[in-house]
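Below is one structure, written out as structure tokens; the observations come after it.
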Amino acid sequence: MKKHFVLLLLFTSFLTFAQDKPKPALSWKDVASWKAIPGFGGTQLSPDGTWFAYILNPNEGDAEIVIKKTTDSTQIKYSIGSNASFSMNFSNDSKWIAFKVYPTDKEKKAAAKATAGKPLTEKVFLIELSAKKKTEFERVKSFAFNGEKSSVLALQLVGTSTAADAPKGSDLLLFDLISTKTQNVGNVSEYSFNKKGDWMAYTIDANEKAGNGLHIRNMNTGVVMILDNDKASYKSLNWTEKGDGLALLKGMKDEKYKSELNSILGVKNFTSMPELVTYEPKKDSTVFPKGMSISSNRTPYWSEDLSRLFFGVSKVELAKKDTKKAEFKKDSTKKMGSDVEKLAKIKADTSIKSLDDLAKALAKAKPDSSKKTAATMPDTDKPDMTIWHWQDKRLQSRQQVQETQDKNFNFISIYDVTSKKFIQLADSAIRNISVAPKQQFGIGQDITNYELESNLDGQQYADVYTIDLKTGIRSKVLDKYYIPSFGANPTASQDGTKFLYWQEGNWLVYDMTNKTSKNISEKAPTSFVDIEDDHNVRKPPYDVYGWSSDNRSVLVGDGWDIWQLSADASVIPINLTKNGKTDQIRYQNRYTLDPEEKGIDLTKTQYFKVYGEWNKKSGFATLDNAKTQTIIWEDASLGSLGKAKNATAFVYSKQTFKDAPEYFVSTSTQLSDAKKLTKNTPDFEKYAWSPSVKLIDYKSDKGDKLQGALFLPAGYEAGKKYPTIIYYYEKLSQTLHSFANPSYSGTGWNPSVYTSNGYAVFIPDIVYKFNDPGMSAVWCVLPGVKAAIKTGIIDETKMGIHGHSWGGYQTSFLITQTNMFKAAAAGAPLTDMVSMYGLIYKNSGTTNGTIFEASQGRLVAPWENWEAYNRNSPLYHVKKVNTPLLMLHNDADGAVDFTQGVEYYNALRRLKKPVVMIQYKGENHGLAKLPNRKDYAMRMMEFFDYHLKGKPAPDWLEKGVERLNLEDHLDKRVIMNEK
């Protein structure tokens, strides 16, 4: 008996020990295998709402797809290999799902090390959901179900040749979902189904262009029609939204030109006998611009009424001759042949109707003896240089970045099928035209007179035109129109006859038919000016939700509520939500639950995201019959609301800082009785995690009402103080309920990993005063930290700060103004505002001056206020720095030039201040390569662990690493981190 009692005590003690044993902290090594649902493209709801698929993807390793029934516990899982993004699709009848399966992580790493070998390819798995039956297809490039019909799965296979000049065609498999029989169509370069799925268009591209053409297949009968057949390339298949018209390009090789010369093909009348429409520029020489061709860089499309084809035109580049002999050879026979060819082209030109037309055609055919082409110029040695001119509208560096874009630029044009008339709509002045719905009008912007100034001070202006898309006639409607933000750009109504625009704090509507303008917001008892936008722009607007589907009104916001503005100003503006400003609730974005909707249908229930500005709650609200109702309101972050295409089934996500995003389904329009569908982050329970978060209210030194989020460390005990990392980037308190998936970010930072390892994390808000971007951080961060210290959670003797880019600037500046932080890590920081102003933002090729004057910098030009630049430059105050600093700055940084880090490093080093700068070769503004991301994440935590936790300093931090010892150092760290 005594023996049994002792055993019972031992067993009970073991259970108690097992239950009390603390969970381990999440290490950076553990992060590699951490699986989570991707934030974008990781989920899909079947059209009937009965199935939900989601991806669980690790930071390193192989992902899996989970296909779960929404009405019971049935689920299927498949390993799908390793990839950055994933492809999956349900059939329209929801009976099938197809998804790609990628090479495994192991296979990819082995292939990367191999000098040669068989290229890796992807598979497609097709799952019959009711039977859980799997069919596999190898070497698949792309796949698609045939639209609404859902009778066939098309799979285009990888071609056998990888040569650049090889034909683009490959095998296309048509798998019949009912009979399970497969048909192989060879040499297919493109394929596309119409919306109903009863027609498939495909193009053939074979060796030596033998049999190339446009084919269409009736998916009901299996009958194939060859609509065009030529030694040409056929590309850019594009169905109309309804599926009643098809447009594409046909390219013919001409030895005189570098690229193919395109013509337009259009197909319509699919309900009877399909009709082919062709427009060939070479047969329209009197109208089509000389030296231009139809561009391959704009996808052609039909107008909604199938009366016009839209496409782009661009300059053609002459081919260069291979040898000097060919360049200078005078061949009278060739000349004679050339003249004969020109005469034949003129005879074939159907646009020539009169003697005047003939004269124009002959004039175009006549060579210009005053010009020497590249083909007739002898080879010479040319300097390699660039000329930077003060009157360049775009910096040469900007032109270099946009060189490919400029080469591919094309002017939108139309071909009227009925009148057989070509019209070029855009030109070098009005380069960009937004085509309004119904294709009756276009809205064009001419920035010619303002481009240089805009590229100097960042302020955007344009002359706005309306364009009659049937005649090409333009009318200027707005002169020097100011565009303070993207949302201020003209927005067309759904009937295409009006557009909304913003002017000096008011919303106006311009009627393109009547050519009249009306102020539609002036009578509203609120302001639509975004007063919270602290950038140097004049009266930017709050967001526009969109036009109503009946074109009679527009929904706009005032930062809080939703307002309905009458398009003709005949009705006083209506506050639809009423309680937003009163209750400090923001009605944020509207959810587009029907991707095919044409405007906001106010006769149907509309769904909005709602957010509590000061309590950080969020949820969903409905707008129905001009009345709003909040249907979910929680201490969490809710979002990603979607609806099944063919059923009343809704899916949304919910997360908090300590709960990963999970997806829920509801068959109620009120989103009630929602059922959890997912099990995200399956390894979550293995590790210690932050138990909660506190919202800290405080005021800046300038009296601004601000907040910060204080995340508690794992294993938190009341009354105990903890080392703390303070992180910031403008306003981030709204992340109070945002789950941070453990990952290797491009900056080394992840709050979840830090809280799991015993750190508290505080994220305060920063608002800005003009001409004081650095001092604004001091005025906001320091009082926020002091308020957080009062909670008793933060150990004020063990605080570190971290930020990247603009946050890196705040870090490098804060340590010049205070000694309250024991360590600081700054990623890609701006350090000398004077030199930074004049440097190039290499990723875009623009000057930093525009960013300083009209965007994040919040400064005037330096010569207008030198004192402001000095006052807010970390380098100017470098002698006051006493905080140990870790800097990350990469030599290929295209946002904040590498020299900014070097300047600060050299100044601190000269003053014998403790500073270490980490540089990764060839990396840009953030780290992209996984080994580098892993390495810096570990180094930054080692830095903070030493200064804030008293852990031993690693050798690289204590003594640095000599150049000749660097390889050995890196080898040892790789081995150490793999253990």
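So you can find residues: chains in the structure tokens are A, B, ... in the order shown, residues in each start at 1, and ligands are numbered from 1 in order.
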- Message: For Gly599 (chain A), find every residue with an atom within 6 Å (counting only C-alpha atoms), except residues of its own chain fewer than 4 positions away, and show them as a list of chain:residue names.
- Response: A:Trp547, A:Ser548, A:Ser549
- Task: Excluding Thr850 (chain A) and any residue of its chain fewer than 2 positions from it, enumerate the residues within 7 Å of it, using only C-alpha atoms, and give them as an MDAnalysis selection string.
- Result: chainID A and resid 455:458 847:848 852:854
Write out as a PDB file with C-alpha atoms, in the first residue's frame the residues lying within 10 Å of Phe143 (chain A), counting only C-alpha atoms and excluding same-chain residues fewer than 6 positions away.
```pdb
ATOM      1  CA  SER A  87      -2.172  29.114 -57.582  1.00  0.00           C
ATOM      2  CA  MET A  88      -5.515  27.428 -56.862  1.00  0.00           C
ATOM      3  CA  ASN A  89      -9.017  27.594 -58.329  1.00  0.00           C
ATOM      4  CA  ALA A  98      -7.197  22.478 -59.104  1.00  0.00           C
ATOM      5  CA  PHE A  99      -3.942  23.759 -57.677  1.00  0.00           C
ATOM      6  CA  LYS A 100      -0.277  23.840 -58.524  1.00  0.00           C
ATOM      7  CA  VAL A 124      -1.222  20.376 -61.111  1.00  0.00           C
ATOM      8  CA  LEU A 153      -9.825  21.731 -67.215  1.00  0.00           C
ATOM      9  CA  ALA A 154      -7.281  23.159 -69.643  1.00  0.00           C
ATOM     10  CA  LEU A 155      -3.597  22.653 -68.832  1.00  0.00           C
ATOM     11  CA  GLN A 156      -0.802  24.182 -70.858  1.00  0.00           C
ATOM     12  CA  LEU A 157       2.398  22.211 -70.562  1.00  0.00           C
ATOM     13  CA  LEU A 172      -2.470  22.109 -74.346  1.00  0.00           C
ATOM     14  CA  LEU A 173      -4.368  19.343 -72.574  1.00  0.00           C
ATOM     15  CA  LEU A 174      -8.163  19.500 -72.409  1.00  0.00           C
ATOM     16  CA  TYR A 191      -5.551  30.083 -74.712  1.00  0.00           C
TER      17      TYR A 191
END
```
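The spacing separating CA of Gly748 (chain A) from CA of Met940 (chain A) amounts to 6.7 Å.
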Please list as an mmCIF file with C-alpha atoms, in the first residue's frame every residue within 9 Å of Asp479 (chain A), counting only C-alpha atoms and excluding residues in the same chain fewer than 4 positions away.
```
data_model
loop_
_atom_site.group_PDB
_atom_site.id
_atom_site.type_symbol
_atom_site.label_atom_id
_atom_site.label_comp_id
_atom_site.auth_asym_id
_atom_site.auth_seq_id
_atom_site.Cartn_x
_atom_site.Cartn_y
_atom_site.Cartn_z
ATOM 1 C CA TYR A 461 -0.676 69.774 -61.607
ATOM 2 C CA ALA A 462 -2.305 68.908 -64.925
ATOM 3 C CA ASP A 463 -4.581 70.374 -67.557
ATOM 4 C CA VAL A 464 -7.604 68.081 -67.731
ATOM 5 C CA TYR A 465 -9.378 67.307 -71.001
#
```
- Item | Surrounding residues of region 557-572 of chain A excluding itself and chain neighbours under 6 positions, 6 Å, only C-alpha atoms, as a ChimeraX atom specification | /A:520,528,542-543,580-581,586-587
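Interatomic distance, CA of Lys320 (chain A) to CA of Lys283 (chain A): 25.4 Å.
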Could the residues of region 785-816 of chain A that have an atom at most 10 Å from region 691-701 of chain A be listed as CSV, each with its closest atom pair and the distance in Å to one decimal, counting only C-alpha atoms and ordered by chain and ascending residue number?
```
residue,atom,partner,partner_atom,distance
A:Val785,CA,A:Tyr698,CA,9.3
A:Lys786,CA,A:Tyr698,CA,9.1
A:Ala787,CA,A:Tyr698,CA,6.4
A:Ala788,CA,A:Ile696,CA,6.4
A:Lys790,CA,A:Ile696,CA,9.9
A:Thr791,CA,A:Ile696,CA,8.9
```
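Pairwise distance (CA of Asp795 (chain A), CA of Ala777 (chain A)) equals 21.2 Å.
The nearest approach to Trp749 (chain A) among the residues A:Met938, A:Leu859, A:Met799, A:Val529, with only C-alpha atoms taken into account, belongs to A:Met938.
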- DSSP says alpha helix (DSSP H) for which residues of region 406-552 of chain A? Put them as a PyMOL selection string? chain A and resi 406-408+451-457
Output file for the residues above (N, CA, C and O atoms, as a tab-separated table (two decimals), in the first residue's frame):
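Final file, out.tsv:
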```tsv
chain	number	residue	atom	x	y	z
A	406	ASP	N	9.63	53.91	-71.16
A	406	ASP	CA	9.52	54.89	-72.24
A	406	ASP	C	9.54	54.22	-73.61
A	406	ASP	O	8.80	54.61	-74.52
A	407	LYS	N	10.39	53.21	-73.76
A	407	LYS	CA	10.46	52.50	-75.03
A	407	LYS	C	9.15	51.77	-75.33
A	407	LYS	O	8.74	51.66	-76.48
A	408	ASN	N	8.52	51.26	-74.28
A	408	ASN	CA	7.28	50.49	-74.46
A	408	ASN	C	6.04	51.37	-74.47
A	408	ASN	O	4.94	50.87	-74.67
A	451	GLU	N	5.39	69.58	-65.72
A	451	GLU	CA	6.19	68.40	-65.41
A	451	GLU	C	7.51	68.77	-64.73
A	451	GLU	O	7.90	68.15	-63.73
A	452	LEU	N	8.21	69.76	-65.26
A	452	LEU	CA	9.48	70.15	-64.66
A	452	LEU	C	9.28	70.64	-63.23
A	452	LEU	O	9.97	70.18	-62.30
A	453	GLU	N	8.34	71.53	-63.02
A	453	GLU	CA	8.10	72.07	-61.68
A	453	GLU	C	7.68	70.97	-60.71
A	453	GLU	O	8.13	70.93	-59.55
A	454	SER	N	6.83	70.05	-61.19
A	454	SER	CA	6.39	68.94	-60.33
A	454	SER	C	7.54	68.06	-59.92
A	454	SER	O	7.58	67.53	-58.80
A	455	ASN	N	8.50	67.89	-60.82
A	455	ASN	CA	9.67	67.07	-60.50
A	455	ASN	C	10.71	67.82	-59.67
A	455	ASN	O	11.72	67.24	-59.27
A	456	LEU	N	10.46	69.10	-59.43
A	456	LEU	CA	11.34	69.88	-58.56
A	456	LEU	C	10.77	69.98	-57.14
A	456	LEU	O	11.49	69.75	-56.16
A	457	ASP	N	9.48	70.31	-57.02
A	457	ASP	CA	8.92	70.53	-55.68
A	457	ASP	C	7.89	69.48	-55.25
A	457	ASP	O	7.38	69.54	-54.14
```
- Task: Extract, using only C-alpha atoms, all DNA, RNA and protein residues at most 9 Å from Ser296 (chain A), discarding same-chain residues fewer than 2 positions from it, and format them as an MDAnalysis selection string.
- Result: chainID A and resid 235:236 249 251 260 262 294 298:299 312:314 408
How would the residues just chosen look if you wrote them out with all heavy atoms as an mmCIF file, in the first residue's frame?
```cif
data_model
loop_
_atom_site.group_PDB
_atom_site.id
_atom_site.type_symbol
_atom_site.label_atom_id
_atom_site.label_comp_id
_atom_site.auth_asym_id
_atom_site.auth_seq_id
_atom_site.Cartn_x
_atom_site.Cartn_y
_atom_site.Cartn_z
ATOM 1 N N LYS A 235 -1.187 36.900 -80.531
ATOM 2 C CA LYS A 235 -0.934 37.096 -79.096
ATOM 3 C C LYS A 235 -1.963 38.045 -78.480
ATOM 4 O O LYS A 235 -2.740 38.680 -79.184
ATOM 5 C CB LYS A 235 0.475 37.651 -78.881
ATOM 6 C CG LYS A 235 0.726 38.961 -79.596
ATOM 7 C CD LYS A 235 2.169 39.131 -80.018
ATOM 8 C CE LYS A 235 2.325 40.346 -80.931
ATOM 9 N NZ LYS A 235 3.592 40.386 -81.626
ATOM 10 N N SER A 236 -1.908 38.118 -77.156
ATOM 11 C CA SER A 236 -2.727 39.051 -76.353
ATOM 12 C C SER A 236 -4.223 38.807 -76.507
ATOM 13 O O SER A 236 -5.008 39.727 -76.720
ATOM 14 C CB SER A 236 -2.393 40.511 -76.705
ATOM 15 O OG SER A 236 -1.035 40.781 -76.496
ATOM 16 N N LEU A 249 -3.779 40.550 -81.097
ATOM 17 C CA LEU A 249 -2.799 41.126 -82.011
ATOM 18 C C LEU A 249 -2.273 40.059 -82.954
ATOM 19 O O LEU A 249 -2.122 38.894 -82.575
ATOM 20 C CB LEU A 249 -1.627 41.720 -81.234
ATOM 21 C CG LEU A 249 -1.927 42.837 -80.232
ATOM 22 C CD1 LEU A 249 -0.655 43.185 -79.464
ATOM 23 C CD2 LEU A 249 -2.476 44.063 -80.930
ATOM 24 N N GLY A 251 1.112 39.678 -85.395
ATOM 25 C CA GLY A 251 2.395 40.304 -85.714
ATOM 26 C C GLY A 251 3.080 39.657 -86.892
ATOM 27 O O GLY A 251 3.221 38.431 -86.950
ATOM 28 N N GLU A 260 8.176 42.992 -84.716
ATOM 29 C CA GLU A 260 7.096 42.682 -85.649
ATOM 30 C C GLU A 260 6.172 43.887 -85.826
ATOM 31 O O GLU A 260 6.026 44.729 -84.929
ATOM 32 C CB GLU A 260 6.281 41.502 -85.125
ATOM 33 C CG GLU A 260 7.028 40.188 -85.119
ATOM 34 C CD GLU A 260 6.173 39.045 -84.618
ATOM 35 O OE1 GLU A 260 5.298 39.276 -83.761
ATOM 36 O OE2 GLU A 260 6.379 37.920 -85.082
ATOM 37 N N ASN A 262 2.395 44.899 -86.081
ATOM 38 C CA ASN A 262 1.136 44.286 -85.653
ATOM 39 C C ASN A 262 -0.071 44.825 -86.394
ATOM 40 O O ASN A 262 -0.101 45.979 -86.826
ATOM 41 C CB ASN A 262 0.917 44.523 -84.153
ATOM 42 C CG ASN A 262 1.907 43.789 -83.296
ATOM 43 O OD1 ASN A 262 2.232 42.635 -83.562
ATOM 44 N ND2 ASN A 262 2.404 44.442 -82.256
ATOM 45 N N ILE A 294 1.155 49.217 -84.444
ATOM 46 C CA ILE A 294 0.320 48.840 -83.303
ATOM 47 C C ILE A 294 1.211 48.171 -82.264
ATOM 48 O O ILE A 294 1.982 47.269 -82.570
ATOM 49 C CB ILE A 294 -0.820 47.917 -83.742
ATOM 50 C CG1 ILE A 294 -1.799 48.695 -84.638
ATOM 51 C CG2 ILE A 294 -1.551 47.338 -82.539
ATOM 52 C CD1 ILE A 294 -2.862 47.848 -85.277
ATOM 53 N N ARG A 298 0.269 46.929 -75.210
ATOM 54 C CA ARG A 298 -1.062 47.263 -74.701
ATOM 55 C C ARG A 298 -2.022 46.192 -75.204
ATOM 56 O O ARG A 298 -2.110 45.938 -76.413
ATOM 57 C CB ARG A 298 -1.522 48.642 -75.162
ATOM 58 C CG ARG A 298 -2.867 49.062 -74.535
ATOM 59 C CD ARG A 298 -3.397 50.347 -75.157
ATOM 60 N NE ARG A 298 -2.588 51.491 -74.819
ATOM 61 C CZ ARG A 298 -2.820 52.320 -73.802
ATOM 62 N NH1 ARG A 298 -3.856 52.107 -73.014
ATOM 63 N NH2 ARG A 298 -2.023 53.348 -73.583
ATOM 64 N N THR A 299 -2.739 45.567 -74.296
ATOM 65 C CA THR A 299 -3.690 44.526 -74.677
ATOM 66 C C THR A 299 -4.895 45.164 -75.360
ATOM 67 O O THR A 299 -5.516 46.074 -74.802
ATOM 68 C CB THR A 299 -4.152 43.733 -73.446
ATOM 69 O OG1 THR A 299 -3.006 43.160 -72.811
ATOM 70 C CG2 THR A 299 -5.112 42.630 -73.834
ATOM 71 N N GLY A 312 -2.996 50.247 -78.647
ATOM 72 C CA GLY A 312 -1.964 51.276 -78.559
ATOM 73 C C GLY A 312 -1.128 51.319 -79.822
ATOM 74 O O GLY A 312 -0.970 50.318 -80.523
ATOM 75 N N VAL A 313 -0.569 52.501 -80.110
ATOM 76 C CA VAL A 313 0.362 52.639 -81.227
ATOM 77 C C VAL A 313 1.656 53.242 -80.691
ATOM 78 O O VAL A 313 1.651 54.054 -79.765
ATOM 79 C CB VAL A 313 -0.205 53.508 -82.376
ATOM 80 C CG1 VAL A 313 -1.467 52.883 -82.935
ATOM 81 C CG2 VAL A 313 -0.468 54.938 -81.913
ATOM 82 N N SER A 314 2.767 52.810 -81.274
ATOM 83 C CA SER A 314 4.068 53.293 -80.819
ATOM 84 C C SER A 314 5.036 53.341 -81.992
ATOM 85 O O SER A 314 4.785 52.770 -83.058
ATOM 86 C CB SER A 314 4.626 52.383 -79.720
ATOM 87 O OG SER A 314 4.753 51.057 -80.186
ATOM 88 N N ASN A 408 8.519 51.258 -74.284
ATOM 89 C CA ASN A 408 7.285 50.495 -74.458
ATOM 90 C C ASN A 408 6.038 51.372 -74.466
ATOM 91 O O ASN A 408 4.935 50.865 -74.673
ATOM 92 C CB ASN A 408 7.150 49.454 -73.350
ATOM 93 C CG ASN A 408 8.204 48.370 -73.435
ATOM 94 O OD1 ASN A 408 8.771 48.135 -74.506
ATOM 95 N ND2 ASN A 408 8.484 47.713 -72.320
#
```
- Message: Give me the residues near Lys242 (chain A) as a ChimeraX atom specification, where near means some atom within 10 Å (using only C-alpha atoms) and where sequence neighbours in that chain fewer than 5 positions away do not count.
- Response: /A:194-196,304
